[in-house]
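File shown: input_7.txt. Contents: compact mmCIF, C-alpha atoms.
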```txt
# COMPACT_ATOMS: atom_id res chain seq x y z
CA MET A 1 -35.81 45.90 -14.96
CA ALA A 2 -35.73 44.32 -18.41
CA ARG A 3 -37.89 41.23 -18.78
CA HIS A 4 -37.23 38.26 -20.99
CA PRO A 5 -40.09 37.36 -23.31
CA TYR A 6 -42.04 34.40 -21.96
CA HIS A 7 -43.37 31.69 -24.20
CA ARG A 8 -45.31 28.75 -22.82
CA LEU A 9 -43.91 25.61 -24.39
CA ARG A 10 -46.80 23.38 -23.38
CA PRO A 11 -50.22 23.86 -21.83
CA ALA A 12 -50.27 24.42 -18.09
CA ARG A 13 -51.16 21.31 -16.14
CA PRO A 14 -53.59 21.48 -13.27
CA ALA A 15 -52.14 21.06 -9.82
CA MET A 16 -51.20 17.45 -9.18
CA PRO A 17 -52.75 15.74 -6.16
CA GLU A 18 -50.46 15.13 -3.21
CA VAL A 19 -48.98 11.64 -3.09
CA GLY A 20 -49.34 9.87 0.26
CA ILE A 21 -48.26 6.51 1.64
CA SER A 22 -49.85 4.34 4.31
CA GLU A 23 -48.90 0.97 5.77
CA THR A 24 -51.12 -1.59 7.49
CA GLY A 25 -49.30 -4.74 8.49
CA ASN A 26 -47.40 -5.92 5.44
CA ILE A 27 -49.47 -3.86 2.97
CA ARG A 28 -48.08 -0.55 1.69
CA SER A 29 -50.56 1.66 -0.17
CA LEU A 30 -50.40 4.77 -2.32
CA HIS A 31 -52.92 7.61 -2.03
CA LEU A 32 -53.55 10.69 -4.18
CA GLY A 33 -54.80 13.61 -2.15
CA SER A 34 -57.31 11.55 -0.15
CA ASP A 35 -57.60 8.45 2.01
CA THR A 36 -58.77 6.43 -1.02
CA ILE A 37 -56.28 3.67 -1.79
CA GLN A 38 -55.03 3.89 -5.36
CA SER A 39 -52.55 1.01 -5.28
CA SER A 40 -51.27 -1.51 -2.75
CA MET A 41 -48.24 -3.77 -2.45
CA ASN A 42 -47.67 -6.80 -0.25
CA LEU A 43 -44.20 -6.21 1.19
CA ASP A 44 -43.74 -9.95 1.61
CA ASN A 45 -44.91 -10.74 -1.94
CA PRO A 46 -44.55 -7.61 -4.11
CA THR A 47 -45.88 -9.20 -7.30
CA GLU A 48 -49.24 -10.10 -5.73
CA LEU A 49 -52.22 -8.14 -7.07
CA VAL A 50 -53.55 -7.07 -3.68
CA LEU A 51 -56.61 -5.08 -4.74
CA SER A 52 -59.53 -6.89 -6.35
CA TYR A 53 -59.85 -4.36 -9.16
CA SER A 54 -56.23 -4.97 -10.18
CA ARG A 55 -56.97 -8.68 -10.43
CA ALA A 56 -60.06 -8.01 -12.56
CA MET A 57 -57.92 -5.91 -14.90
CA MET A 58 -56.06 -9.07 -15.93
CA ALA A 59 -59.22 -10.68 -17.35
CA TRP A 60 -57.99 -9.90 -20.87
CA LEU A 61 -55.80 -13.01 -20.59
CA LEU A 62 -58.98 -15.08 -20.93
CA PHE A 63 -59.10 -13.89 -24.55
CA ALA A 64 -55.46 -13.41 -25.56
CA GLY A 65 -52.10 -15.03 -25.16
CA PRO A 66 -49.04 -13.17 -23.89
CA PRO A 67 -48.76 -9.95 -25.92
CA VAL A 68 -45.66 -8.34 -27.37
CA HIS A 69 -46.32 -4.94 -25.79
CA ILE A 70 -48.55 -3.50 -23.06
CA THR A 71 -49.21 0.19 -22.45
CA GLN A 72 -50.31 1.28 -18.98
CA ILE A 73 -52.02 4.65 -18.60
CA GLY A 74 -51.41 5.52 -14.95
CA LEU A 75 -48.51 3.99 -13.02
CA GLY A 76 -49.82 4.22 -9.47
CA GLY A 77 -47.77 1.98 -7.23
CA GLY A 78 -46.79 -0.26 -10.12
CA SER A 79 -49.01 -3.26 -9.34
CA PHE A 80 -49.55 -4.13 -13.01
CA ALA A 81 -45.89 -3.57 -13.83
CA ARG A 82 -44.66 -5.96 -11.13
CA TRP A 83 -47.17 -8.72 -11.98
CA ILE A 84 -46.53 -8.52 -15.71
CA ASP A 85 -42.76 -8.48 -15.20
CA ALA A 86 -42.99 -11.62 -13.06
CA CYS A 87 -45.65 -13.54 -15.00
CA LEU A 88 -45.15 -12.34 -18.58
CA PRO A 89 -41.40 -11.71 -18.61
CA ASP A 90 -41.07 -11.61 -22.41
CA CYS A 91 -43.65 -8.83 -22.72
CA ARG A 92 -42.44 -5.26 -23.14
CA GLN A 93 -44.36 -2.71 -21.12
CA THR A 94 -44.56 1.07 -21.09
CA ALA A 95 -46.12 2.89 -18.12
CA VAL A 96 -47.32 6.42 -18.87
CA GLU A 97 -47.73 8.66 -15.82
CA ILE A 98 -48.46 12.38 -15.80
CA ASN A 99 -47.52 13.03 -12.16
CA PRO A 100 -43.75 13.12 -11.55
CA ASN A 101 -44.30 12.67 -7.81
CA VAL A 102 -46.10 9.38 -8.42
CA ILE A 103 -43.16 8.22 -10.53
CA ALA A 104 -40.66 9.18 -7.84
CA VAL A 105 -42.61 7.48 -5.05
CA ALA A 106 -43.22 4.34 -7.10
CA ARG A 107 -39.53 4.08 -7.96
CA GLY A 108 -38.45 4.63 -4.38
CA LEU A 109 -41.01 2.68 -2.36
CA PHE A 110 -42.83 0.17 -4.60
CA GLU A 111 -40.16 -2.15 -6.00
CA LEU A 112 -40.74 -1.47 -9.67
CA PRO A 113 -39.14 -3.71 -12.29
CA PHE A 114 -35.75 -2.71 -13.63
CA GLU A 115 -36.16 0.00 -16.24
CA GLY A 116 -34.58 -1.22 -19.43
CA GLU A 117 -35.55 -3.04 -22.61
CA THR A 118 -38.71 -4.63 -21.22
CA PHE A 119 -40.02 -1.85 -18.94
CA GLU A 120 -40.02 1.91 -19.32
CA ILE A 121 -41.77 4.81 -17.61
CA VAL A 122 -42.81 7.81 -19.68
CA GLU A 123 -43.78 11.03 -17.90
CA ALA A 124 -46.60 12.25 -20.12
CA ASP A 125 -50.33 12.85 -20.44
CA GLY A 126 -51.68 9.40 -21.26
CA ALA A 127 -54.56 10.79 -23.33
CA GLN A 128 -52.04 12.53 -25.57
CA TYR A 129 -49.51 9.70 -25.56
CA VAL A 130 -51.87 7.09 -27.03
CA LYS A 131 -52.25 9.24 -30.13
CA THR A 132 -48.64 8.44 -31.02
CA LEU A 133 -48.96 4.64 -30.95
CA ARG A 134 -50.91 3.93 -34.17
CA GLY A 135 -51.29 0.17 -33.82
CA GLY A 136 -48.11 -0.14 -31.82
CA THR A 137 -49.43 -1.80 -28.66
CA ASP A 138 -51.41 -4.96 -27.96
CA ILE A 139 -53.00 -4.21 -24.58
CA ILE A 140 -53.89 -0.86 -23.01
CA LEU A 141 -54.48 -0.87 -19.24
CA THR A 142 -56.06 2.40 -18.12
CA ASP A 143 -56.28 3.31 -14.44
CA GLY A 144 -56.32 7.08 -14.06
CA PHE A 145 -57.88 8.62 -10.96
CA ASP A 146 -57.05 11.96 -9.38
CA GLY A 147 -57.95 10.94 -5.83
CA GLU A 148 -61.64 11.73 -6.22
CA GLN A 149 -62.80 10.44 -9.58
CA ILE A 150 -61.53 9.21 -12.91
CA ILE A 151 -59.75 11.82 -15.01
CA ASP A 152 -62.13 13.30 -17.58
CA ASP A 153 -59.66 13.02 -20.47
CA LEU A 154 -59.55 9.24 -19.95
CA VAL A 155 -63.31 8.77 -20.42
CA SER A 156 -63.89 10.94 -23.48
CA PRO A 157 -65.13 9.57 -26.82
CA GLY A 158 -61.98 10.98 -28.42
CA PHE A 159 -59.75 9.05 -26.03
CA PHE A 160 -61.60 5.81 -26.74
CA ALA A 161 -61.20 6.35 -30.49
CA ASP A 162 -57.50 7.09 -30.04
CA CYS A 163 -57.06 3.92 -28.00
CA ARG A 164 -58.71 1.82 -30.67
CA GLN A 165 -56.35 3.28 -33.24
CA ALA A 166 -53.39 2.69 -30.91
CA LEU A 167 -54.10 -1.05 -30.64
CA SER A 168 -52.79 -3.78 -32.87
CA ASP A 169 -55.32 -5.77 -34.93
CA LYS A 170 -56.27 -8.12 -32.07
CA GLY A 171 -55.62 -5.59 -29.32
CA ILE A 172 -57.66 -5.17 -26.14
CA PHE A 173 -58.40 -2.00 -24.17
CA MET A 174 -58.94 -2.41 -20.40
CA THR A 175 -60.06 0.28 -18.00
CA ASN A 176 -60.95 0.48 -14.32
CA TRP A 177 -64.18 2.34 -13.60
CA TRP A 178 -66.32 2.90 -10.53
CA SER A 179 -69.84 1.50 -10.92
CA GLY A 180 -71.23 4.04 -8.47
CA ASP A 181 -70.25 6.95 -10.73
CA LYS A 182 -73.50 8.31 -12.16
CA ARG A 183 -71.66 8.79 -15.48
CA TYR A 184 -70.81 5.09 -15.73
CA PRO A 185 -73.60 4.18 -18.22
CA ARG A 186 -72.44 7.00 -20.50
CA PHE A 187 -68.84 5.82 -20.31
CA VAL A 188 -69.89 2.33 -21.38
CA ALA A 189 -72.10 3.66 -24.18
CA ASP A 190 -69.31 5.84 -25.55
CA LEU A 191 -66.82 2.96 -25.35
CA LYS A 192 -69.23 0.70 -27.26
CA GLU A 193 -69.61 3.40 -29.89
CA ALA A 194 -65.83 3.55 -30.36
CA PHE A 195 -65.36 -0.23 -30.47
CA ASP A 196 -68.45 -1.21 -32.48
CA GLY A 197 -70.18 -2.68 -29.43
CA LYS A 198 -67.41 -5.17 -28.61
CA VAL A 199 -67.33 -4.46 -24.86
CA LEU A 200 -67.46 -6.75 -21.81
CA GLU A 201 -67.52 -6.00 -18.08
CA VAL A 202 -65.75 -7.83 -15.25
CA PRO A 203 -66.88 -6.70 -11.79
CA ALA A 204 -64.19 -6.75 -9.12
CA GLU A 205 -64.83 -8.82 -6.02
CA SER A 206 -65.37 -5.76 -3.85
CA HIS A 207 -65.56 -1.98 -3.66
CA GLY A 208 -67.74 -1.43 -6.76
CA ASN A 209 -64.91 -1.32 -9.27
CA ILE A 210 -65.53 -2.80 -12.71
CA ALA A 211 -62.86 -3.72 -15.23
CA VAL A 212 -64.28 -2.92 -18.65
CA MET A 213 -62.66 -4.38 -21.77
CA ALA A 214 -63.10 -3.43 -25.40
CA PHE A 215 -61.85 -5.45 -28.36
CA ARG A 216 -60.40 -4.16 -31.62
CA GLN A 217 -61.70 -7.35 -33.26
CA THR A 218 -64.29 -9.88 -32.13
CA PRO A 219 -62.44 -12.41 -29.93
CA ALA A 220 -61.79 -15.80 -31.49
CA GLU A 221 -63.37 -17.50 -28.48
CA LEU A 222 -66.68 -16.57 -26.86
CA ASN A 223 -67.82 -20.10 -26.02
CA LEU A 224 -68.41 -20.31 -22.29
CA ASP A 225 -67.18 -23.89 -21.87
CA SER A 226 -63.97 -23.07 -23.71
CA LEU A 227 -63.45 -19.90 -21.69
CA LYS A 228 -64.02 -21.82 -18.46
CA LYS A 229 -61.39 -24.38 -19.45
CA ARG A 230 -58.99 -21.58 -20.37
CA ALA A 231 -59.60 -19.95 -16.98
CA GLU A 232 -58.74 -23.21 -15.25
CA GLN A 233 -55.56 -23.51 -17.33
CA LEU A 234 -54.54 -19.91 -16.58
CA ALA A 235 -55.16 -20.44 -12.86
CA ARG A 236 -52.65 -23.29 -12.92
CA GLN A 237 -50.19 -21.21 -14.90
CA TYR A 238 -50.34 -17.89 -13.04
CA PRO A 239 -50.84 -16.85 -9.39
CA LEU A 240 -54.33 -15.49 -10.00
CA ASP A 241 -57.83 -16.94 -9.61
CA PHE A 242 -58.93 -16.83 -13.25
CA SER A 243 -61.88 -19.10 -12.46
CA ALA A 244 -63.29 -16.31 -10.29
CA LEU A 245 -62.68 -13.83 -13.11
CA PHE A 246 -64.53 -16.11 -15.53
CA SER A 247 -67.48 -16.36 -13.12
CA ALA A 248 -67.61 -12.57 -12.81
CA LEU A 249 -67.42 -12.21 -16.59
CA LYS A 250 -70.23 -14.71 -17.15
CA SER A 251 -72.52 -13.16 -14.55
CA ALA A 252 -72.11 -9.59 -15.81
CA ASN A 253 -72.54 -10.02 -19.56
CA PRO A 254 -75.26 -11.25 -21.95
CA HIS A 255 -75.06 -14.90 -22.99
CA ASN A 256 -77.37 -17.69 -24.15
CA GLY A 257 -75.92 -20.31 -21.86
CA LYS A 258 -73.36 -21.38 -24.41
CA HIS A 259 -71.77 -18.20 -25.80
CA LEU A 260 -71.12 -14.69 -24.63
CA HIS A 261 -72.49 -12.02 -26.91
CA PHE A 262 -72.08 -8.27 -27.08
```
So, in terms of structure tokens, how does the structure I just supplied come out?
Amino acid sequence: MARHPYHRLRPARPAMPEVGISETGNIRSLHLGSDTIQSSMNLDNPTELVLSYSRAMMAWLLFAGPPVHITQIGLGGGSFARWIDACLPDCRQTAVEINPNVIAVARGLFELPFEGETFEIVEADGAQYVKTLRGGTDIILTDGFDGEQIIDDLVSPGFFADCRQALSDKGIFMTNWWSGDKRYPRFVADLKEAFDGKVLEVPAESHGNIAVMAFRQTPAELNLDSLKKRAEQLARQYPLDFSALFSALKSANPHNGKHLHF
């Protein structure tokens, strides 16, 4: 039998983890190949950030006003997308997800925002996608786990450098890491190398997750009293305990009692 010549158009992707769903009471959760919860949604209040790490990932608002554009690396169950759509409605957001099954499940079962001018989903490798942005996004939210650990391509020095280049002048990179990972200190060191040391950590309330943020430029405000007042203002403005995020930020990072420092 004659055979057609075969040319691979793109590198083969490793097998994607199986997407699973669980429900406990009014909480629906997404899993990737294990019983670890990757994302959760309150069926009675879909915009709520149910998991503590997802709340910690919004700590960037302590340092920046509403951005023009946010890029999410990893869609999961769409927790960030729903909260941003509800609370920052003028912000455009792009969610980049490599696993088509995650996209399908999120669209079908997790009440994503309407896909249009302010929200789009791109099926792509996030580590490759950020290389195309070149200063075109203000906030990068990275949450890429494969069910067991964070994806290697999303913790490489090259990825961190690409993310810095992808950000606008005052842009902020946020990532969710697991403090129990023995590689965690190396991740932080490599991120500091890419962002000239401008890195802060915000521990989540539970489970050992830490939201780590890196700044393209030194933030305009590092005064603790001013940040505390901003947290109180944000807590009145948005359905999120920013005062708790400020306390976590203060406890986890160097300061002299008056100012945070890197």
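Atom to atom, CA of Phe63 in chain A and CA of Asp125 in chain A stand 28.4 Å apart.
CA of Thr132 in chain A lies 20.6 Å from CA of Pro100 in chain A.
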Study note, to complete from the structure: Atom pair CA of Leu200 in chain A + CA of Ser168 in chain A, distance 18.6 Å
Exercise for review: Just the residues within 9 Å of range 241-256 of chain A, please, counting all atoms listed in the file, with nothing from its chain fewer than 6 positions along; format it as a PyMOL selection string.
Suggested key: chain A and resi 55-56+58-59+61-62+200-205+224+227-235+262
Next, the residues of the selection above should be written as a PDB file, in the coordinates of the input with C-alpha atoms.
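Heads up, here's the output in again-v3.pdb:
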```
ATOM      1  CA  ARG A  55     -56.970  -8.680 -10.430  1.00  0.00           C
ATOM      2  CA  ALA A  56     -60.060  -8.010 -12.560  1.00  0.00           C
ATOM      3  CA  MET A  58     -56.060  -9.070 -15.930  1.00  0.00           C
ATOM      4  CA  ALA A  59     -59.220 -10.680 -17.350  1.00  0.00           C
ATOM      5  CA  LEU A  61     -55.800 -13.010 -20.590  1.00  0.00           C
ATOM      6  CA  LEU A  62     -58.980 -15.080 -20.930  1.00  0.00           C
ATOM      7  CA  LEU A 200     -67.460  -6.750 -21.810  1.00  0.00           C
ATOM      8  CA  GLU A 201     -67.520  -6.000 -18.080  1.00  0.00           C
ATOM      9  CA  VAL A 202     -65.750  -7.830 -15.250  1.00  0.00           C
ATOM     10  CA  PRO A 203     -66.880  -6.700 -11.790  1.00  0.00           C
ATOM     11  CA  ALA A 204     -64.190  -6.750  -9.120  1.00  0.00           C
ATOM     12  CA  GLU A 205     -64.830  -8.820  -6.020  1.00  0.00           C
ATOM     13  CA  LEU A 224     -68.410 -20.310 -22.290  1.00  0.00           C
ATOM     14  CA  LEU A 227     -63.450 -19.900 -21.690  1.00  0.00           C
ATOM     15  CA  LYS A 228     -64.020 -21.820 -18.460  1.00  0.00           C
ATOM     16  CA  LYS A 229     -61.390 -24.380 -19.450  1.00  0.00           C
ATOM     17  CA  ARG A 230     -58.990 -21.580 -20.370  1.00  0.00           C
ATOM     18  CA  ALA A 231     -59.600 -19.950 -16.980  1.00  0.00           C
ATOM     19  CA  GLU A 232     -58.740 -23.210 -15.250  1.00  0.00           C
ATOM     20  CA  GLN A 233     -55.560 -23.510 -17.330  1.00  0.00           C
ATOM     21  CA  LEU A 234     -54.540 -19.910 -16.580  1.00  0.00           C
ATOM     22  CA  ALA A 235     -55.160 -20.440 -12.860  1.00  0.00           C
ATOM     23  CA  PHE A 262     -72.080  -8.270 -27.080  1.00  0.00           C
TER      24      PHE A 262
END
```
Check your understanding: List as number ranges by chain: which residues have an atom within 9 Å of (-58.4, -5.0, -31.2), counting all atoms listed in the file?
Key -> A: 138-139, 164-165, 167-173, 195, 214-219
Review point. Which one of A:Pro89, A:Leu109, A:Met16, A:Glu221 sits closest to Lys258 in chain A if you count all atoms listed in the file?
Key: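 Smallest separation from Lys258 in chain A among the options: A:Glu221.
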Exercise for review: Can you pull out every residue within 12 Å of Leu49 in chain A, counting only C-alpha atoms, but drop anything in the same chain fewer than 4 positions away, and send it as a list in words?
Suggested key: Ile27, Ser39, Ser40, Met41, Asn42, Leu43, Asn45, Tyr53, Ser54, Arg55, Ala56, Met57, Met58, Gly77, Gly78, Ser79, Phe80, Ala81, Arg82, Trp83, Ile84, Ala86, Cys87, Tyr238, Pro239, Leu240 and Asp241 of chain A
Check your understanding: Between A:Thr36, A:Glu111, A:Asp85, A:Val188, which one has atoms that come closest to Met174 in chain A, using all atoms listed in the file?
Key -> A:Val188
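Each of A:Asp143, A:Glu48, A:Glu97, A:Glu18 was compared to Ile210 in chain A using only C-alpha atoms, and A:Asp143 turns out to be the nearest.
Distances to Ala104 in chain A were evaluated for A:Met213, A:Leu75, A:Val130, A:Leu222 using all atoms listed in the file, and the minimum falls at A:Leu75.
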Review point. Which one of A:Gln93, A:Ser34, A:Thr142, A:Gln237 sits closest to Trp177 in chain A if you count all atoms listed in the file?
Key: A:Thr142
Point to revise | Nearest-residue call for Pro66 in chain A, choices A:Ile21, A:Ile37, A:Ala124, A:Cys91, using all atoms listed in the file | key: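 So, comparing all the options, the nearest one is A:Cys91.
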Please output range 86-97 of chain A, rebuilt to include all heavy atoms, as a compact mmCIF listing (two decimals), in the frame of the given file.
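selection37.txt was written with the following content:
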```txt
# COMPACT_ATOMS: atom_id res chain seq x y z
N ALA A 86 -43.21 -10.30 -13.65
CA ALA A 86 -42.99 -11.62 -13.06
C ALA A 86 -43.64 -12.73 -13.87
O ALA A 86 -43.07 -13.81 -14.05
CB ALA A 86 -43.51 -11.65 -11.63
N CYS A 87 -44.85 -12.47 -14.38
CA CYS A 87 -45.65 -13.54 -15.00
C CYS A 87 -45.57 -13.56 -16.52
O CYS A 87 -45.79 -14.62 -17.14
CB CYS A 87 -47.11 -13.41 -14.56
SG CYS A 87 -47.35 -13.60 -12.79
N LEU A 88 -45.27 -12.43 -17.13
CA LEU A 88 -45.15 -12.34 -18.58
C LEU A 88 -43.80 -11.70 -18.91
O LEU A 88 -43.74 -10.60 -19.48
CB LEU A 88 -46.30 -11.52 -19.17
CG LEU A 88 -47.72 -11.97 -18.83
CD1 LEU A 88 -48.74 -10.93 -19.31
CD2 LEU A 88 -48.02 -13.32 -19.47
N PRO A 89 -42.71 -12.35 -18.56
CA PRO A 89 -41.40 -11.71 -18.61
C PRO A 89 -40.93 -11.33 -20.01
O PRO A 89 -40.04 -10.47 -20.15
CB PRO A 89 -40.47 -12.76 -17.99
CG PRO A 89 -41.19 -14.06 -18.18
CD PRO A 89 -42.64 -13.73 -18.05
N ASP A 90 -41.49 -11.94 -21.05
CA ASP A 90 -41.07 -11.61 -22.41
C ASP A 90 -41.85 -10.43 -23.00
O ASP A 90 -41.55 -9.98 -24.11
CB ASP A 90 -41.25 -12.83 -23.32
CG ASP A 90 -40.33 -13.98 -22.94
OD1 ASP A 90 -39.21 -13.70 -22.45
OD2 ASP A 90 -40.73 -15.15 -23.11
N CYS A 91 -42.82 -9.94 -22.25
CA CYS A 91 -43.65 -8.83 -22.72
C CYS A 91 -42.96 -7.50 -22.41
O CYS A 91 -42.49 -7.28 -21.30
CB CYS A 91 -45.02 -8.90 -22.05
SG CYS A 91 -46.06 -7.48 -22.38
N ARG A 92 -42.92 -6.62 -23.39
CA ARG A 92 -42.44 -5.26 -23.14
C ARG A 92 -43.60 -4.41 -22.61
O ARG A 92 -44.73 -4.55 -23.07
CB ARG A 92 -41.88 -4.64 -24.42
CG ARG A 92 -40.61 -5.30 -24.93
CD ARG A 92 -40.05 -4.58 -26.14
NE ARG A 92 -40.94 -4.68 -27.28
CZ ARG A 92 -41.65 -3.67 -27.78
NH1 ARG A 92 -41.61 -2.47 -27.22
NH2 ARG A 92 -42.44 -3.85 -28.83
N GLN A 93 -43.31 -3.55 -21.67
CA GLN A 93 -44.36 -2.71 -21.12
C GLN A 93 -43.88 -1.27 -20.94
O GLN A 93 -42.74 -1.02 -20.55
CB GLN A 93 -44.92 -3.27 -19.81
CG GLN A 93 -43.91 -3.71 -18.79
CD GLN A 93 -44.57 -4.16 -17.49
OE1 GLN A 93 -45.67 -3.74 -17.12
NE2 GLN A 93 -43.90 -5.04 -16.77
N THR A 94 -44.80 -0.36 -21.25
CA THR A 94 -44.56 1.07 -21.09
C THR A 94 -45.62 1.62 -20.15
O THR A 94 -46.83 1.44 -20.39
CB THR A 94 -44.66 1.81 -22.44
OG1 THR A 94 -43.68 1.29 -23.33
CG2 THR A 94 -44.44 3.30 -22.25
N ALA A 95 -45.20 2.25 -19.07
CA ALA A 95 -46.12 2.89 -18.12
C ALA A 95 -46.07 4.39 -18.34
O ALA A 95 -45.00 5.00 -18.28
CB ALA A 95 -45.74 2.54 -16.69
N VAL A 96 -47.22 4.99 -18.60
CA VAL A 96 -47.32 6.42 -18.87
C VAL A 96 -47.97 7.09 -17.66
O VAL A 96 -49.09 6.74 -17.28
CB VAL A 96 -48.15 6.70 -20.14
CG1 VAL A 96 -48.14 8.19 -20.46
CG2 VAL A 96 -47.61 5.88 -21.31
N GLU A 97 -47.26 8.02 -17.04
CA GLU A 97 -47.73 8.66 -15.82
C GLU A 97 -47.50 10.17 -15.92
O GLU A 97 -46.39 10.61 -16.20
CB GLU A 97 -46.99 8.09 -14.60
CG GLU A 97 -47.28 8.78 -13.28
CD GLU A 97 -48.76 8.79 -12.92
OE1 GLU A 97 -49.36 7.71 -12.88
OE2 GLU A 97 -49.29 9.91 -12.70
```
